[in-house]
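Containing PDB, C-alpha atoms, pLDDT in the B column: final.pdb.
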```pdb
ATOM      1  CA  MET X 172       0.000   0.000   0.000  1.00 37.00           C
ATOM      2  CA  GLU X 173       1.338   3.415  -0.934  1.00 39.00           C
ATOM      3  CA  THR X 174       2.035   5.930   1.831  1.00 43.00           C
ATOM      4  CA  ASP X 175       2.617   9.642   1.725  1.00 49.00           C
ATOM      5  CA  ALA X 176       6.241  10.711   1.575  1.00 49.00           C
ATOM      6  CA  ALA X 177       7.757  11.986   4.791  1.00 55.00           C
ATOM      7  CA  PRO X 178       7.634  15.778   5.092  1.00 66.00           C
ATOM      8  CA  ARG X 179      10.744  17.618   3.972  1.00 89.00           C
ATOM      9  CA  ILE X 180      12.615  18.878   7.047  1.00 95.00           C
ATOM     10  CA  PRO X 181      15.129  21.750   6.814  1.00 97.00           C
ATOM     11  CA  ARG X 182      18.603  20.815   7.955  1.00 97.00           C
ATOM     12  CA  HIS X 183      19.305  24.302   9.300  1.00 98.00           C
ATOM     13  CA  ILE X 184      16.797  26.830  10.653  1.00 98.00           C
ATOM     14  CA  ALA X 185      17.678  30.437  11.529  1.00 98.00           C
ATOM     15  CA  ILE X 186      15.314  32.598  13.592  1.00 97.00           C
ATOM     16  CA  VAL X 187      15.124  36.324  14.300  1.00 97.00           C
ATOM     17  CA  MET X 188      13.304  36.249  17.640  1.00 94.00           C
ATOM     18  CA  ASP X 189      11.454  39.544  17.395  1.00 94.00           C
ATOM     19  CA  GLY X 190       8.658  40.929  19.556  1.00 95.00           C
ATOM     20  CA  ASN X 191       9.660  40.318  23.179  1.00 92.00           C
ATOM     21  CA  GLY X 192       9.425  43.986  24.116  1.00 92.00           C
ATOM     22  CA  ARG X 193       6.134  44.566  22.314  1.00 95.00           C
ATOM     23  CA  TRP X 194       4.687  41.408  23.900  1.00 95.00           C
ATOM     24  CA  ALA X 195       5.452  42.830  27.361  1.00 95.00           C
ATOM     25  CA  GLU X 196       4.258  46.356  26.537  1.00 95.00           C
ATOM     26  CA  ARG X 197       0.882  45.028  25.392  1.00 95.00           C
ATOM     27  CA  ARG X 198       0.544  43.535  28.872  1.00 95.00           C
ATOM     28  CA  ARG X 199       1.751  46.759  30.523  1.00 95.00           C
ATOM     29  CA  ARG X 200       4.849  45.040  31.809  1.00 95.00           C
ATOM     30  CA  PRO X 201       8.519  46.091  31.444  1.00 90.00           C
ATOM     31  CA  ARG X 202      10.331  44.981  28.310  1.00 89.00           C
ATOM     32  CA  SER X 203      12.645  42.814  30.416  1.00 87.00           C
ATOM     33  CA  PHE X 204       9.588  40.698  31.321  1.00 90.00           C
ATOM     34  CA  GLY X 205       9.090  39.991  27.624  1.00 90.00           C
ATOM     35  CA  HIS X 206      12.711  38.909  27.249  1.00 90.00           C
ATOM     36  CA  ARG X 207      12.300  36.480  30.164  1.00 89.00           C
ATOM     37  CA  GLU X 208       9.146  35.059  28.628  1.00 92.00           C
ATOM     38  CA  GLY X 209      10.993  34.759  25.321  1.00 92.00           C
ATOM     39  CA  GLN X 210      13.334  32.263  26.959  1.00 92.00           C
ATOM     40  CA  LYS X 211      10.441  29.827  27.226  1.00 92.00           C
ATOM     41  CA  ALA X 212       9.992  30.068  23.455  1.00 94.00           C
ATOM     42  CA  VAL X 213      13.725  29.412  23.022  1.00 93.00           C
ATOM     43  CA  ARG X 214      13.433  26.193  25.031  1.00 93.00           C
ATOM     44  CA  ALA X 215      10.396  25.168  22.993  1.00 95.00           C
ATOM     45  CA  ALA X 216      12.220  25.857  19.706  1.00 96.00           C
ATOM     46  CA  VAL X 217      15.279  23.852  20.764  1.00 96.00           C
ATOM     47  CA  GLU X 218      13.137  20.888  21.800  1.00 96.00           C
ATOM     48  CA  PHE X 219      11.069  21.168  18.623  1.00 97.00           C
ATOM     49  CA  CYS X 220      14.155  21.061  16.390  1.00 98.00           C
ATOM     50  CA  ARG X 221      15.720  18.220  18.334  1.00 97.00           C
ATOM     51  CA  ARG X 222      12.569  16.112  18.017  1.00 96.00           C
ATOM     52  CA  ARG X 223      12.029  16.914  14.327  1.00 96.00           C
ATOM     53  CA  GLY X 224      15.564  15.952  13.349  1.00 96.00           C
ATOM     54  CA  VAL X 225      16.774  19.447  12.428  1.00 98.00           C
ATOM     55  CA  GLU X 226      20.584  19.458  12.441  1.00 98.00           C
ATOM     56  CA  ALA X 227      21.247  23.112  13.295  1.00 98.00           C
ATOM     57  CA  LEU X 228      19.277  25.977  14.837  1.00 97.00           C
ATOM     58  CA  THR X 229      20.686  29.507  14.818  1.00 97.00           C
ATOM     59  CA  LEU X 230      19.013  32.121  17.019  1.00 95.00           C
ATOM     60  CA  PHE X 231      19.609  35.873  16.732  1.00 93.00           C
ATOM     61  CA  ALA X 232      19.845  36.728  20.433  1.00 88.00           C
ATOM     62  CA  PHE X 233      21.717  40.055  20.423  1.00 84.00           C
ATOM     63  CA  SER X 234      22.840  41.958  17.361  1.00 86.00           C
ATOM     64  CA  SER X 235      25.794  44.318  17.107  1.00 83.00           C
ATOM     65  CA  GLU X 236      23.205  47.114  16.742  1.00 84.00           C
ATOM     66  CA  ASN X 237      21.389  46.176  19.974  1.00 85.00           C
ATOM     67  CA  TRP X 238      24.033  47.998  22.042  1.00 85.00           C
ATOM     68  CA  LYS X 239      22.211  51.198  20.988  1.00 85.00           C
ATOM     69  CA  ARG X 240      19.152  50.239  23.038  1.00 81.00           C
ATOM     70  CA  PRO X 241      18.488  51.888  26.433  1.00 84.00           C
ATOM     71  CA  GLN X 242      21.237  51.037  28.898  1.00 81.00           C
ATOM     72  CA  GLY X 243      18.788  49.522  31.358  1.00 80.00           C
ATOM     73  CA  GLU X 244      17.437  47.106  28.766  1.00 82.00           C
ATOM     74  CA  VAL X 245      20.938  46.080  27.650  1.00 83.00           C
ATOM     75  CA  GLY X 246      21.965  45.506  31.268  1.00 80.00           C
ATOM     76  CA  ALA X 247      18.876  43.387  31.875  1.00 78.00           C
ATOM     77  CA  LEU X 248      19.668  41.319  28.779  1.00 80.00           C
ATOM     78  CA  MET X 249      23.221  40.710  29.979  1.00 82.00           C
ATOM     79  CA  GLN X 250      21.926  39.479  33.336  1.00 81.00           C
ATOM     80  CA  LEU X 251      19.421  37.312  31.528  1.00 80.00           C
ATOM     81  CA  PHE X 252      22.218  35.728  29.486  1.00 79.00           C
ATOM     82  CA  LEU X 253      24.160  34.944  32.662  1.00 79.00           C
ATOM     83  CA  LYS X 254      21.178  33.373  34.389  1.00 81.00           C
ATOM     84  CA  ALA X 255      20.240  31.405  31.284  1.00 82.00           C
ATOM     85  CA  LEU X 256      23.738  29.956  31.059  1.00 83.00           C
ATOM     86  CA  GLU X 257      23.564  28.908  34.699  1.00 80.00           C
ATOM     87  CA  ARG X 258      20.131  27.352  34.305  1.00 86.00           C
ATOM     88  CA  GLU X 259      20.024  25.888  30.800  1.00 90.00           C
ATOM     89  CA  VAL X 260      23.423  24.387  30.014  1.00 93.00           C
ATOM     90  CA  ASP X 261      22.988  21.280  32.156  1.00 93.00           C
ATOM     91  CA  GLU X 262      19.716  20.352  30.445  1.00 94.00           C
ATOM     92  CA  LEU X 263      21.013  21.136  26.955  1.00 95.00           C
ATOM     93  CA  HIS X 264      24.090  19.016  27.590  1.00 96.00           C
ATOM     94  CA  ALA X 265      21.974  16.142  28.925  1.00 96.00           C
ATOM     95  CA  ASN X 266      19.908  16.245  25.727  1.00 96.00           C
ATOM     96  CA  GLY X 267      22.944  16.131  23.444  1.00 97.00           C
ATOM     97  CA  VAL X 268      22.757  19.748  22.287  1.00 97.00           C
ATOM     98  CA  ARG X 269      25.976  21.443  21.254  1.00 97.00           C
ATOM     99  CA  ILE X 270      26.073  25.183  22.004  1.00 95.00           C
ATOM    100  CA  ASP X 271      28.095  27.667  19.982  1.00 95.00           C
ATOM    101  CA  PHE X 272      28.070  31.429  20.523  1.00 94.00           C
ATOM    102  CA  VAL X 273      28.540  33.218  17.209  1.00 94.00           C
ATOM    103  CA  GLY X 274      29.769  36.799  17.071  1.00 93.00           C
ATOM    104  CA  ASP X 275      32.372  39.108  18.590  1.00 91.00           C
ATOM    105  CA  LEU X 276      32.522  37.955  22.209  1.00 90.00           C
ATOM    106  CA  SER X 277      35.213  40.509  23.107  1.00 89.00           C
ATOM    107  CA  ALA X 278      32.554  43.169  23.811  1.00 86.00           C
ATOM    108  CA  PHE X 279      31.033  41.232  26.711  1.00 87.00           C
ATOM    109  CA  SER X 280      32.121  41.296  30.336  1.00 88.00           C
ATOM    110  CA  PRO X 281      34.893  38.823  31.201  1.00 90.00           C
ATOM    111  CA  GLU X 282      32.486  36.868  33.410  1.00 89.00           C
ATOM    112  CA  LEU X 283      29.882  36.460  30.680  1.00 88.00           C
ATOM    113  CA  ALA X 284      32.471  35.668  28.001  1.00 90.00           C
ATOM    114  CA  GLN X 285      34.020  32.995  30.219  1.00 92.00           C
ATOM    115  CA  ARG X 286      30.599  31.434  30.847  1.00 90.00           C
ATOM    116  CA  MET X 287      29.971  31.299  27.100  1.00 90.00           C
ATOM    117  CA  LEU X 288      33.332  29.689  26.419  1.00 94.00           C
ATOM    118  CA  ALA X 289      32.796  27.163  29.217  1.00 93.00           C
ATOM    119  CA  ALA X 290      29.390  26.194  27.799  1.00 93.00           C
ATOM    120  CA  MET X 291      30.910  25.696  24.347  1.00 95.00           C
ATOM    121  CA  ARG X 292      33.755  23.568  25.694  1.00 96.00           C
ATOM    122  CA  ARG X 293      31.411  21.432  27.765  1.00 95.00           C
ATOM    123  CA  THR X 294      28.983  20.645  24.938  1.00 96.00           C
ATOM    124  CA  GLN X 295      31.334  20.464  21.943  1.00 96.00           C
ATOM    125  CA  GLY X 296      31.088  16.678  21.696  1.00 97.00           C
ATOM    126  CA  ASN X 297      27.281  16.624  21.481  1.00 98.00           C
ATOM    127  CA  ALA X 298      25.594  15.746  18.194  1.00 96.00           C
ATOM    128  CA  ALA X 299      21.792  15.766  18.664  1.00 97.00           C
ATOM    129  CA  LEU X 300      21.488  19.441  17.602  1.00 97.00           C
ATOM    130  CA  ARG X 301      23.833  22.333  16.865  1.00 98.00           C
ATOM    131  CA  LEU X 302      22.461  25.372  18.693  1.00 96.00           C
ATOM    132  CA  ASN X 303      24.113  28.564  17.480  1.00 96.00           C
ATOM    133  CA  VAL X 304      23.363  31.648  19.556  1.00 94.00           C
ATOM    134  CA  ALA X 305      24.282  34.816  17.647  1.00 93.00           C
ATOM    135  CA  VAL X 306      25.425  37.481  20.130  1.00 91.00           C
ATOM    136  CA  ASN X 307      27.040  40.800  19.245  1.00 92.00           C
ATOM    137  CA  TYR X 308      26.678  39.503  15.716  1.00 93.00           C
ATOM    138  CA  GLY X 309      26.011  41.232  12.412  1.00 95.00           C
ATOM    139  CA  GLY X 310      25.992  39.824   8.902  1.00 96.00           C
ATOM    140  CA  ARG X 311      28.206  42.617   7.594  1.00 97.00           C
ATOM    141  CA  TRP X 312      30.643  42.049  10.470  1.00 96.00           C
ATOM    142  CA  ASP X 313      30.731  38.357   9.544  1.00 97.00           C
ATOM    143  CA  ILE X 314      31.559  39.143   5.908  1.00 98.00           C
ATOM    144  CA  ALA X 315      34.152  41.774   6.896  1.00 97.00           C
ATOM    145  CA  GLN X 316      35.963  39.469   9.332  1.00 97.00           C
ATOM    146  CA  ALA X 317      35.965  36.695   6.725  1.00 97.00           C
ATOM    147  CA  ALA X 318      37.471  39.090   4.167  1.00 97.00           C
ATOM    148  CA  ARG X 319      40.125  40.190   6.667  1.00 96.00           C
ATOM    149  CA  ARG X 320      41.120  36.610   7.482  1.00 96.00           C
ATOM    150  CA  LEU X 321      41.142  35.715   3.794  1.00 95.00           C
ATOM    151  CA  ALA X 322      43.405  38.713   3.068  1.00 95.00           C
ATOM    152  CA  GLN X 323      45.764  37.646   5.854  1.00 96.00           C
ATOM    153  CA  ALA X 324      45.944  34.136   4.394  1.00 95.00           C
ATOM    154  CA  ALA X 325      46.741  35.551   0.955  1.00 95.00           C
ATOM    155  CA  ALA X 326      49.343  37.987   2.331  1.00 95.00           C
ATOM    156  CA  SER X 327      51.123  35.196   4.213  1.00 96.00           C
ATOM    157  CA  GLY X 328      51.264  32.996   1.116  1.00 94.00           C
ATOM    158  CA  GLU X 329      48.903  30.435   2.624  1.00 94.00           C
ATOM    159  CA  LEU X 330      46.395  31.075  -0.164  1.00 92.00           C
ATOM    160  CA  ALA X 331      46.963  32.296  -3.729  1.00 93.00           C
ATOM    161  CA  PRO X 332      44.759  35.303  -4.634  1.00 92.00           C
ATOM    162  CA  GLU X 333      43.597  33.555  -7.816  1.00 93.00           C
ATOM    163  CA  ALA X 334      42.303  30.685  -5.646  1.00 93.00           C
ATOM    164  CA  ILE X 335      39.813  32.958  -3.904  1.00 93.00           C
ATOM    165  CA  ASP X 336      36.277  32.061  -4.943  1.00 95.00           C
ATOM    166  CA  GLU X 337      32.920  31.710  -3.202  1.00 95.00           C
ATOM    167  CA  ALA X 338      33.840  28.359  -1.681  1.00 95.00           C
ATOM    168  CA  ALA X 339      37.133  29.706  -0.315  1.00 95.00           C
ATOM    169  CA  PHE X 340      35.407  32.779   1.107  1.00 96.00           C
ATOM    170  CA  ALA X 341      32.667  30.693   2.736  1.00 96.00           C
ATOM    171  CA  ARG X 342      35.246  28.735   4.735  1.00 96.00           C
ATOM    172  CA  TYR X 343      36.119  31.911   6.662  1.00 96.00           C
ATOM    173  CA  THR X 344      32.546  32.880   7.583  1.00 97.00           C
ATOM    174  CA  CYS X 345      30.728  31.915  10.751  1.00 96.00           C
ATOM    175  CA  LEU X 346      28.926  28.554  10.628  1.00 97.00           C
ATOM    176  CA  ALA X 347      31.227  27.379   7.810  1.00 96.00           C
ATOM    177  CA  ASP X 348      31.236  23.842   9.232  1.00 95.00           C
ATOM    178  CA  GLN X 349      27.446  23.567   9.235  1.00 96.00           C
ATOM    179  CA  PRO X 350      24.746  23.035   6.583  1.00 95.00           C
ATOM    180  CA  PRO X 351      23.559  26.148   4.709  1.00 94.00           C
ATOM    181  CA  VAL X 352      20.496  27.815   6.191  1.00 97.00           C
ATOM    182  CA  ASP X 353      17.397  26.250   4.599  1.00 97.00           C
ATOM    183  CA  LEU X 354      14.670  28.144   6.453  1.00 98.00           C
ATOM    184  CA  PHE X 355      14.858  31.709   7.789  1.00 98.00           C
ATOM    185  CA  ILE X 356      12.065  32.638  10.210  1.00 98.00           C
ATOM    186  CA  ARG X 357      11.316  36.108  11.536  1.00 98.00           C
ATOM    187  CA  THR X 358       8.640  36.659  14.148  1.00 97.00           C
ATOM    188  CA  GLY X 359       6.986  39.907  15.170  1.00 97.00           C
ATOM    189  CA  GLY X 360       5.574  41.010  11.826  1.00 96.00           C
ATOM    190  CA  GLU X 361       8.647  42.792  10.459  1.00 96.00           C
ATOM    191  CA  LEU X 362       9.586  41.965   6.850  1.00 97.00           C
ATOM    192  CA  ARG X 363      13.350  42.331   6.788  1.00 95.00           C
ATOM    193  CA  ILE X 364      16.521  40.318   7.461  1.00 96.00           C
ATOM    194  CA  SER X 365      18.091  42.932   9.781  1.00 95.00           C
ATOM    195  CA  ASN X 366      21.729  42.136   9.040  1.00 95.00           C
ATOM    196  CA  PHE X 367      21.412  38.484  10.101  1.00 96.00           C
ATOM    197  CA  LEU X 368      23.465  35.788   8.343  1.00 97.00           C
ATOM    198  CA  LEU X 369      23.631  37.759   5.094  1.00 97.00           C
ATOM    199  CA  TRP X 370      26.001  35.286   3.448  1.00 97.00           C
ATOM    200  CA  GLN X 371      24.371  32.155   4.842  1.00 97.00           C
ATOM    201  CA  VAL X 372      20.743  32.891   3.853  1.00 97.00           C
ATOM    202  CA  ALA X 373      21.467  33.489   0.159  1.00 95.00           C
ATOM    203  CA  TYR X 374      19.240  30.563  -0.856  1.00 95.00           C
ATOM    204  CA  ALA X 375      17.162  30.162   2.290  1.00 97.00           C
ATOM    205  CA  GLU X 376      13.385  30.124   2.208  1.00 97.00           C
ATOM    206  CA  LEU X 377      12.113  33.215   4.051  1.00 98.00           C
ATOM    207  CA  TYR X 378       9.133  32.896   6.386  1.00 98.00           C
ATOM    208  CA  PHE X 379       7.608  35.846   8.240  1.00 98.00           C
ATOM    209  CA  THR X 380       4.928  35.627  10.916  1.00 98.00           C
ATOM    210  CA  GLU X 381       2.955  38.205  12.890  1.00 97.00           C
ATOM    211  CA  ALA X 382       3.350  36.124  16.054  1.00 98.00           C
ATOM    212  CA  LEU X 383       5.495  37.781  18.729  1.00 97.00           C
ATOM    213  CA  TRP X 384       8.366  35.595  19.879  1.00 96.00           C
ATOM    214  CA  PRO X 385       7.010  34.662  23.361  1.00 96.00           C
ATOM    215  CA  ASP X 386       3.886  33.296  21.642  1.00 97.00           C
ATOM    216  CA  VAL X 387       5.822  31.015  19.294  1.00 97.00           C
ATOM    217  CA  ASP X 388       5.279  27.366  20.203  1.00 96.00           C
ATOM    218  CA  ALA X 389       5.463  23.985  18.481  1.00 97.00           C
ATOM    219  CA  ALA X 390       2.258  24.697  16.531  1.00 97.00           C
ATOM    220  CA  ALA X 391       3.688  27.958  15.174  1.00 97.00           C
ATOM    221  CA  LEU X 392       6.918  26.225  14.165  1.00 98.00           C
ATOM    222  CA  ASP X 393       4.966  23.387  12.566  1.00 97.00           C
ATOM    223  CA  ALA X 394       3.192  26.006  10.432  1.00 97.00           C
ATOM    224  CA  ALA X 395       6.572  27.330   9.282  1.00 98.00           C
ATOM    225  CA  LEU X 396       7.755  23.821   8.399  1.00 97.00           C
ATOM    226  CA  ALA X 397       4.540  23.112   6.534  1.00 96.00           C
ATOM    227  CA  GLU X 398       5.058  26.245   4.443  1.00 97.00           C
ATOM    228  CA  TYR X 399       8.692  25.255   3.849  1.00 97.00           C
ATOM    229  CA  ALA X 400       7.598  21.810   2.639  1.00 95.00           C
ATOM    230  CA  ARG X 401       5.282  23.454   0.084  1.00 93.00           C
ATOM    231  CA  ARG X 402       8.050  25.576  -1.407  1.00 93.00           C
ATOM    232  CA  GLU X 403       9.846  24.432  -4.554  1.00 85.00           C
ATOM    233  CA  ARG X 404      13.563  25.020  -4.076  1.00 71.00           C
ATOM    234  CA  ARG X 405      15.099  25.452  -7.528  1.00 62.00           C
ATOM    235  CA  PHE X 406      18.559  26.991  -6.913  1.00 56.00           C
ATOM    236  CA  GLY X 407      18.544  28.566 -10.377  1.00 64.00           C
ATOM    237  CA  LEU X 408      17.060  25.547 -12.169  1.00 56.00           C
ATOM    238  CA  THR X 409      13.709  25.401 -13.886  1.00 61.00           C
ATOM    239  CA  GLY X 410      10.885  23.776 -11.968  1.00 57.00           C
ATOM    240  CA  ALA X 411      11.096  20.673 -14.161  1.00 63.00           C
ATOM    241  CA  GLN X 412      14.851  20.367 -13.603  1.00 55.00           C
ATOM    242  CA  ALA X 413      14.491  20.768  -9.849  1.00 57.00           C
ATOM    243  CA  ARG X 414      11.766  18.136  -9.648  1.00 58.00           C
ATOM    244  CA  ALA X 415      13.813  15.708 -11.732  1.00 64.00           C
ATOM    245  CA  ALA X 416      16.825  16.203  -9.479  1.00 61.00           C
ATOM    246  CA  SER X 417      14.895  15.701  -6.236  1.00 59.00           C
TER     247      SER X 417
END
```
Could you take the file, read its structure, and then write that structure out as structure tokens?
Amino acid sequence: METDAAPRIPRHIAIVMDGNGRWAERRRRPRSFGHREGQKAVRAAVEFCRRRGVEALTLFAFSSENWKRPQGEVGALMQLFLKALEREVDELHANGVRIDFVGDLSAFSPELAQRMLAAMRRTQGNAALRLNVAVNYGGRWDIAQAARRLAQAAASGELAPEAIDEAAFARYTCLADQPPVDLFIRTGGELRISNFLLWQVAYAELYFTEALWPDVDAAALDAALAEYARRERRFGLTGAQARAAS
């Protein structure tokens, strides 16, 4: 008896977790309350991806532009990061999740940076899910640091300039050892990428939802995956070519 084919699951999902502050303001609560509630959605997303067989999940937690926010909100976010590391790492490690913090960690306090590094060292052997947390990260920064490292390699003779192509450049970007982003999700109703993974989302399917991040649960993520499964990913081919190759 014929059965329906299994749904197509993205190997790598990237999420801009937008709407924490607005979620709190609508409830007449401080924005920091929304960020705390957003952590519950983070746990739900990690568990969802682990159960669905997603290989990598990248979350935009704090952009390089977020330093411009009110000092009180930034300070509250830093404390939230510290508490989350204390509370969440044990469970993530027990569930086989590998944590990587992606971005320029030099801007954080020594205590927070050391906690991040310790979490990465502790979980680096895990293979159930790669959880990338983008902090003090920007897509343009990622491209610029890759170009700088590539230039240093060429100047030292490690790499011939004529050997520089897209594949060579990609090896110097963040997440180079992971699958390309298949599905980019942004919550909160905004319709832009906001300097997130500019290189890595070149061929990603983009999915935008009005839901504010604290309201995103397994049902909301299932809706995103259902939409992803309906998309025809052609990568420059015609529809007929893509279907023949699949």
For Ala347 of chain X, list every protein, DNA or RNA residue within 12 Å, evaluated using all atoms listed in the file, and leave out those in the same chain fewer than 3 positions away; present the list as a PyMOL selection string. chain X and resi 273+313-314+317+337-344+350-352+368+370-371
For atom CA of Glu361 of chain X and atom CA of Val217 of chain X, the interatomic separation in Å (one decimal):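 It comes out at 22.6 Å.
Applied to the file shown here, the PyMOL selection byres ((chain X and resi 393-399) around 10) selects the residues Pro178, Arg179, Ile180, Pro181, Ile184, Phe219, Arg223, Asp353, Leu354, Phe355, Ile356, Ala375, Glu376, Leu377, Tyr378, Phe379, Thr380, Asp388, Ala389, Ala390, Ala391, Leu392, Ala400, Arg401, Arg402, Glu403 and Arg404 of chain X.
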Selection result for the PyMOL selection byres ((chain X and resi 265) around 12) on this file, as JSON, numbers by chain: {"X": [259, 260, 261, 262, 263, 264, 266, 267, 268, 269, 293, 294, 296, 297, 298, 299, 300]}
Output C-alpha atoms of each residue in that selection to a file, as a PDB file, keeping the file's coordinate frame.
```
ATOM      1  CA  GLU X 259      20.024  25.888  30.800  1.00 90.00           C
ATOM      2  CA  VAL X 260      23.423  24.387  30.014  1.00 93.00           C
ATOM      3  CA  ASP X 261      22.988  21.280  32.156  1.00 93.00           C
ATOM      4  CA  GLU X 262      19.716  20.352  30.445  1.00 94.00           C
ATOM      5  CA  LEU X 263      21.013  21.136  26.955  1.00 95.00           C
ATOM      6  CA  HIS X 264      24.090  19.016  27.590  1.00 96.00           C
ATOM      7  CA  ASN X 266      19.908  16.245  25.727  1.00 96.00           C
ATOM      8  CA  GLY X 267      22.944  16.131  23.444  1.00 97.00           C
ATOM      9  CA  VAL X 268      22.757  19.748  22.287  1.00 97.00           C
ATOM     10  CA  ARG X 269      25.976  21.443  21.254  1.00 97.00           C
ATOM     11  CA  ARG X 293      31.411  21.432  27.765  1.00 95.00           C
ATOM     12  CA  THR X 294      28.983  20.645  24.938  1.00 96.00           C
ATOM     13  CA  GLY X 296      31.088  16.678  21.696  1.00 97.00           C
ATOM     14  CA  ASN X 297      27.281  16.624  21.481  1.00 98.00           C
ATOM     15  CA  ALA X 298      25.594  15.746  18.194  1.00 96.00           C
ATOM     16  CA  ALA X 299      21.792  15.766  18.664  1.00 97.00           C
ATOM     17  CA  LEU X 300      21.488  19.441  17.602  1.00 97.00           C
TER      18      LEU X 300
END
```
One number please: atom CA of Gly310 of chain X to atom CA of Phe279 of chain X, in Å, one decimal.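 Going from atom CA of Gly310 of chain X over to atom CA of Phe279 of chain X covers 18.6 Å.
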Check which residues satisfy the PyMOL selection byres ((chain X and resi 188-203) around 8) in the file shown, then give them as a list in words. Ile186, Val187, Phe204, Gly205, His206, Arg207, Glu208, Gly209, Leu230, Phe231, Ala232, Glu244, Ala247, Leu248, Arg357, Thr358, Gly359, Ala382, Leu383, Trp384 and Pro385 of chain X
Hey, can you spit out that residue selection with C-alpha atoms as a compact mmCIF listing (two decimals), in the coordinates of the input?
```txt
# COMPACT_ATOMS: atom_id res chain seq x y z
CA ILE X 186 15.31 32.60 13.59
CA VAL X 187 15.12 36.32 14.30
CA PHE X 204 9.59 40.70 31.32
CA GLY X 205 9.09 39.99 27.62
CA HIS X 206 12.71 38.91 27.25
CA ARG X 207 12.30 36.48 30.16
CA GLU X 208 9.15 35.06 28.63
CA GLY X 209 10.99 34.76 25.32
CA LEU X 230 19.01 32.12 17.02
CA PHE X 231 19.61 35.87 16.73
CA ALA X 232 19.84 36.73 20.43
CA GLU X 244 17.44 47.11 28.77
CA ALA X 247 18.88 43.39 31.88
CA LEU X 248 19.67 41.32 28.78
CA ARG X 357 11.32 36.11 11.54
CA THR X 358 8.64 36.66 14.15
CA GLY X 359 6.99 39.91 15.17
CA ALA X 382 3.35 36.12 16.05
CA LEU X 383 5.50 37.78 18.73
CA TRP X 384 8.37 35.60 19.88
CA PRO X 385 7.01 34.66 23.36
```
Using all atoms listed in the file, which of X:Ala318, X:Leu251, X:Val372, X:Ala326 sits nearest Ala185 of chain X? X:Val372
X:Ala255, X:Ser365, X:Ala278, X:Asn307 ranked by distance to Val213 of chain X, top pick (using only C-alpha atoms): X:Ala255
Would you give the centre and edge lengths, in Å to one decimal, of a box along x, y and z around the listed atoms of segment 326-332 of chain X, with 6 Å added to each side, as lines of an AutoDock Vina configuration file?
```
center_x = 48.0
center_y = 34.2
center_z = -0.2
size_x = 18.5
size_y = 19.6
size_z = 20.8
```
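Using all atoms listed in the file, the shortest contact distance between Thr229 of chain X and any of X:Glu381, X:Glu257, X:Asp336, X:Asp271 is found at X:Asp271.
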Around (31.6, 36.9, 35.1) in the file's own coordinates, what residues are found within 12 Å if you use all atoms listed in the file, given back as a compact mmCIF listing (two decimals) with C-alpha atoms, in the frame of the given file?
```txt
# COMPACT_ATOMS: atom_id res chain seq x y z
CA MET X 249 23.22 40.71 29.98
CA GLN X 250 21.93 39.48 33.34
CA PHE X 252 22.22 35.73 29.49
CA LEU X 253 24.16 34.94 32.66
CA LYS X 254 21.18 33.37 34.39
CA LEU X 256 23.74 29.96 31.06
CA GLU X 257 23.56 28.91 34.70
CA PHE X 279 31.03 41.23 26.71
CA SER X 280 32.12 41.30 30.34
CA PRO X 281 34.89 38.82 31.20
CA GLU X 282 32.49 36.87 33.41
CA LEU X 283 29.88 36.46 30.68
CA ALA X 284 32.47 35.67 28.00
CA GLN X 285 34.02 32.99 30.22
CA ARG X 286 30.60 31.43 30.85
CA MET X 287 29.97 31.30 27.10
CA LEU X 288 33.33 29.69 26.42
CA ALA X 289 32.80 27.16 29.22
```
